[in-house]
Amino acid sequence: MSTLIIIVILAALVIWAVSIYNRIITLENRYGNAWSQIDVQLKRRNDLIPNLVEVVKGYAAHEKGVFEEVAASRAAMMGAKSVAESAEAANMMSSALGRLFAISENYPELKANQNFMMLQEELSSVENKVAYARQFYNDAVLQFNNAITTVPGVFLAGPMSKTSQVFLEIPETERQAPQVSFSS
Amino acid sequence: MNQGRNPAVPAGSTGPQERISLPDWKAQNKRNSWLLALFMFALLGGIGWLIGYVVDPAMSGVFVGGALLLAGGQNAVAYWFSDRIALAATGAREATREEHRYLVNVTEAVSIGAGVPVPKIWVIDSPTPNAFATGRNPENGAIAVTTGLMEMLDRQELEGVVAHEMAHIRNYDIRFGSMLVATVGAIILLRDMVLRGMRFGAMGGGRSRGGSRSGGGSGKGGGSGQAIGYILLIVLLVLAPLLATLLHLAVSRKREYLADATGAYITRNPEGLARALEKIGAYAGEPMPVSDGVRHLFFVNPVSKLNAEALGSTHPPISERVRRLRSM
C-alpha cells in the first residue's frame with residue numbers, strides 16, 4: 001500500500017516536472033520565433049533601401065552625407081552576428097532613414113514621385129512592424145525570464161542551463177514613422 | 001451568470017480610479033462564456049423535455065434529443081459558415097496589397113504585435129466608418145473595414161481599430177457570439193414549431209392521449225401535471241428567446257470592453273483607439289444598412305441610435321468605452 005502511494009507521488013512529480021519543462025521550452029521557442037519575426041522585417045528593409053536610394057538620388061544627388069550614412073548602416077546590418085549587434089545596426093539605420101526622409105521634405109518633386117511614396121509607405125510600415133515585433137519579442141522574453149526565475153521553473157532552469165535573456169531597447173522616436181523623426 | 005458582480009471586474013458603473021486588469025477580466029469572461037453555454041444547453045434540454053412531457057411523456061427523451069440536435073445543427077452552420085455569411089451579407093471584397101497597401105501594412109504590423117497569423121483583410125465600400133472581425137479561430141480570422149473608416153482615421157487610430165478586431169479573433173469572441181446567436185435561433189425555431197403544432201392541434205391530441213392514460217388508473221396527477229407543464233412550456237417558449245437574447249447582449253457588451261482593453265494592450269496605445277472611437281462616434285452621416293444578424297460583429301453599433309446605454313444594445317456606449325481606455 002505504502003509503495004503504491006510512493007509510486008503515485010513520484011509519478012505526479014514526474015508529470016509536474018515534465019509540464020514545467022515543456023512550458024520553459026515553449027516560451028523559449030516563442031521568443032526565438034519572435035526574434036525571427038524581427039529579422040524578417042529587417043531583411044525586408046535592407047531589400048527596400050537600394051530602391052529608395054536610387055529614387056532619391058534622381059532628385060537629390062548631392063546629399064552625399066546621408067547616402068553614405070544609409071549605406072554604412074546597411075553594411076552594419078548585413079554584417080551583424082548577434083542579437084545585440086543587429087539591434088544596434090537597426091537603430092542606426094532607423095536614424096539614417098529618418099534623416100533621409102527629413103531631407104526629402106525639401107524636394108517637392110521627389111515627394112510627389114509615385115515610386116517614392118510607395119517606398120516611403122513600405123519603409124515606414126516596416127519600421128512599424130519592427131517596433132511591434134520588438135514589443136512581442138520583449139513580451140516573450142519577459143515571460144521566459146519570469147518562468148525560469150520564479151518557483152517552480154527556477155529549479156529546472158539550472159539543470160536545463162537556461163539563463164535570462166536581455167530585452168531589446170526601443171528608442172523613443174522608433175514608435176513613430178521615420179519621416180516624422182527629425183532628431184540628430 | 002450576472003455580469004459584473006465581481007468587484008475585481010469593471011462593471012456598468014465604475015469609479016474613475018479603477019484600473020483594468022486584463023488577465024482577471026479575461027478569466028471572468030471565459031467563465032461567463034462557459035456558464036452561458038451551459039445555461040443555453042439546459043434551457044434547450046428543458047424545452048425539449050417539456051414538449052415531450054406535454055405531447056407524450058414516454059417520448060420526452062426523443063424530444064430532448066431533437067431540440068439539442070437542432071441547436072447542434074444551427075451551431076455547426078455557425079461554426080463553419082458564419083464568416084462567409086457575414087462577409088457576403090455586408091458586401092465585403094478582399095483587399096489587395098496594391099489597392100489597399102496602407103490597410104494591409106497596418107494589419108500585418110498589428111498581427112505581429114498580437115502574435116496571431118495575419119487575418120484575411122476585406123474592404124466594404126461604404127462611407128460609414130466601421131469594421132468587423134469574423135472567423136472561428138485565429139487561423140481562419142478575417143477583418144473587414146469600410147472605406148469610410150480608412151479615410152477618416154490616421155495610422156495610430158486605424159491600428160487601434162484593427163487591434164480591437166484582432167482581439168475579438170484572439171479571444172474567440174466571434175465563435176462564441178455567432179454560436180450564441182445560432183442557439184437563440186434554434187430556440188426561436190422550436191417556439192415556432194410548437195406554435196404551429198398547437199394551431200394544427202397536434203398538442204391537443206397529445207393531451208387527450210395523456211388524459212386517457214390517467215383515466216386508465218394512474219390517477220389525475222398526470223393530467224394536471226401535464227396542464228402545468230403545458231403552461232410552463234408556453235411561458236418558457238415566449239420568455240426563452242428574450243432572455244437568451246438579453247444575456248447574449250450583456251456578454252457582447254462586455255466583450256467589447258475586453259476587446260478595447262486587449263486592443264490597447266496590443267498597440268500599447270489606448271489613446272489611438274480612444275481617438276478612433278471619438279471620431280467614429282462623431283460621424284453624423286448615413287448609418288450603414290446592416291441586418292440584425294451581423295450587427296453584433298461590428299466595431300461600433302452600425303445603427304447609431306441604438307448605441308445608447310440600453311439593454312437591447314450589442315455595444316456599450318462609446319463615451320464609456322473612451323473613458324475606460326483613457327483610464328488605462
# chains A, B, ... in the order shown; residues from 1 in each chain; ligands from 1

call {"tool": "interface_residues", "arguments": {"of": "chain A", "to": "chain B", "cutoff": "12 Å", "atoms": "only C-alpha atoms", "output": "JSON, numbers by chain"}}
result
{"A": [30, 31, 33, 34, 35, 36, 37, 38, 40, 41, 117, 118, 119, 120, 121, 122, 123, 124, 125, 126, 127, 128, 129, 130, 131, 132, 133, 134, 135, 136, 137, 138, 139, 140, 175, 176, 177]}

call {"tool": "residues_around", "arguments": {"residues": "Pro108 (chain A)", "least_positions_apart": "5", "cutoff": "12 Å", "atoms": "only C-alpha atoms", "output": "VMD selection string"}}
result
chain A and resid 56 59 to 60 103 113 116 to 117

call {"tool": "write_last_selection", "arguments": {"atoms": "N, CA, C and O atoms", "output": "PDB file, in the first residue's frame"}}
result
ATOM      1  N   VAL A  56      15.761  58.557 -54.614  1.00  0.00           N
ATOM      2  CA  VAL A  56      16.124  59.837 -54.000  1.00  0.00           C
ATOM      3  C   VAL A  56      17.289  60.464 -54.753  1.00  0.00           C
ATOM      4  O   VAL A  56      17.316  61.681 -54.975  1.00  0.00           O
ATOM      5  N   TYR A  59      16.701  62.868 -57.586  1.00  0.00           N
ATOM      6  CA  TYR A  59      16.254  64.241 -57.323  1.00  0.00           C
ATOM      7  C   TYR A  59      17.241  65.020 -56.463  1.00  0.00           C
ATOM      8  O   TYR A  59      17.276  66.237 -56.513  1.00  0.00           O
ATOM      9  N   ALA A  60      17.996  64.302 -55.639  1.00  0.00           N
ATOM     10  CA  ALA A  60      18.853  64.987 -54.672  1.00  0.00           C
ATOM     11  C   ALA A  60      20.225  64.320 -54.616  1.00  0.00           C
ATOM     12  O   ALA A  60      20.677  63.871 -53.565  1.00  0.00           O
ATOM     13  N   ILE A 103      15.297  64.963 -45.219  1.00  0.00           N
ATOM     14  CA  ILE A 103      15.883  65.701 -46.341  1.00  0.00           C
ATOM     15  C   ILE A 103      14.921  65.748 -47.518  1.00  0.00           C
ATOM     16  O   ILE A 103      14.756  66.772 -48.181  1.00  0.00           O
ATOM     17  N   ASN A 113       6.729  61.899 -56.266  1.00  0.00           N
ATOM     18  CA  ASN A 113       7.027  60.712 -57.067  1.00  0.00           C
ATOM     19  C   ASN A 113       6.283  59.485 -56.523  1.00  0.00           C
ATOM     20  O   ASN A 113       6.382  59.156 -55.344  1.00  0.00           O
ATOM     21  N   PHE A 116       8.445  56.864 -54.945  1.00  0.00           N
ATOM     22  CA  PHE A 116       8.959  57.320 -53.654  1.00  0.00           C
ATOM     23  C   PHE A 116       7.879  57.178 -52.586  1.00  0.00           C
ATOM     24  O   PHE A 116       8.140  56.702 -51.478  1.00  0.00           O
ATOM     25  N   MET A 117       6.663  57.575 -52.928  1.00  0.00           N
ATOM     26  CA  MET A 117       5.572  57.483 -51.971  1.00  0.00           C
ATOM     27  C   MET A 117       5.334  56.039 -51.546  1.00  0.00           C
ATOM     28  O   MET A 117       5.129  55.745 -50.372  1.00  0.00           O
TER      29      MET A 117
END

call {"tool": "residues_around", "arguments": {"residues": "region 154-157 of chain A", "least_positions_apart": "6", "cutoff": "12 Å", "atoms": "only C-alpha atoms", "output": "list in words"}}
result
Trp16, Ala17, Val18, Ser19, Ile20, Tyr21, Asn22, Arg23, Ile24, Ile25, Glu28, Phe144, Asn145, Asn146, Ala147, Ile148, Thr163 and Ser164 of chain A

call {"tool": "atom_distance", "arguments": {"atom1": "CA of Pro129 (chain B)", "atom2": "CA of Glu271 (chain B)"}}
result
18.1 Å

call {"tool": "select_by_dssp", "arguments": {"residues": "region 79-179 of chain B", "states": "strand (DSSP E or B)", "output": "JSON, numbers by chain"}}
result
{"B": [93, 94, 120, 121, 122, 123, 124, 131, 132, 133, 134, 142, 143, 144, 145, 146]}

call {"tool": "residues_around", "arguments": {"residues": "Arg321 (chain B)", "least_positions_apart": "4", "cutoff": "10 Å", "atoms": "only C-alpha atoms", "output": "PyMOL selection string"}}
result
chain B and resi 256-257+260-261+273-274+277-278+315-317+325-326

call {"tool": "write_last_selection", "arguments": {"atoms": "C-alpha atoms", "output": "mmCIF file, in the first residue's frame"}}
result
data_model
loop_
_atom_site.group_PDB
_atom_site.id
_atom_site.type_symbol
_atom_site.label_atom_id
_atom_site.label_comp_id
_atom_site.auth_asym_id
_atom_site.auth_seq_id
_atom_site.Cartn_x
_atom_site.Cartn_y
_atom_site.Cartn_z
ATOM 1 C CA GLU B 256 -16.454 44.940 -26.484
ATOM 2 C CA TYR B 257 -14.788 46.343 -23.377
ATOM 3 C CA ASP B 260 -10.874 47.523 -26.341
ATOM 4 C CA ALA B 261 -8.561 46.658 -23.462
ATOM 5 C CA LEU B 273 -8.250 53.602 -30.111
ATOM 6 C CA ALA B 274 -9.958 56.222 -27.948
ATOM 7 C CA LEU B 277 -13.895 55.829 -31.194
ATOM 8 C CA GLU B 278 -14.468 59.547 -30.737
ATOM 9 C CA HIS B 315 -22.387 47.537 -27.854
ATOM 10 C CA PRO B 316 -21.638 49.658 -24.803
ATOM 11 C CA PRO B 317 -21.890 53.431 -25.243
ATOM 12 C CA LEU B 325 -9.486 53.485 -22.477
ATOM 13 C CA ARG B 326 -8.303 56.820 -21.133
#

call {"tool": "residues_around", "arguments": {"residues": "Ile174 (chain B)", "least_positions_apart": "3", "cutoff": "12 Å", "atoms": "only C-alpha atoms", "output": "JSON, numbers by chain"}}
result
{"B": [78, 79, 80, 81, 82, 83, 86, 132, 133, 134, 135, 136, 137, 138, 140, 141, 142, 143, 165, 166, 167, 168, 169, 170, 171, 177, 178, 179, 180, 181, 251, 252, 255, 256, 259, 294, 295, 296, 297, 298]}
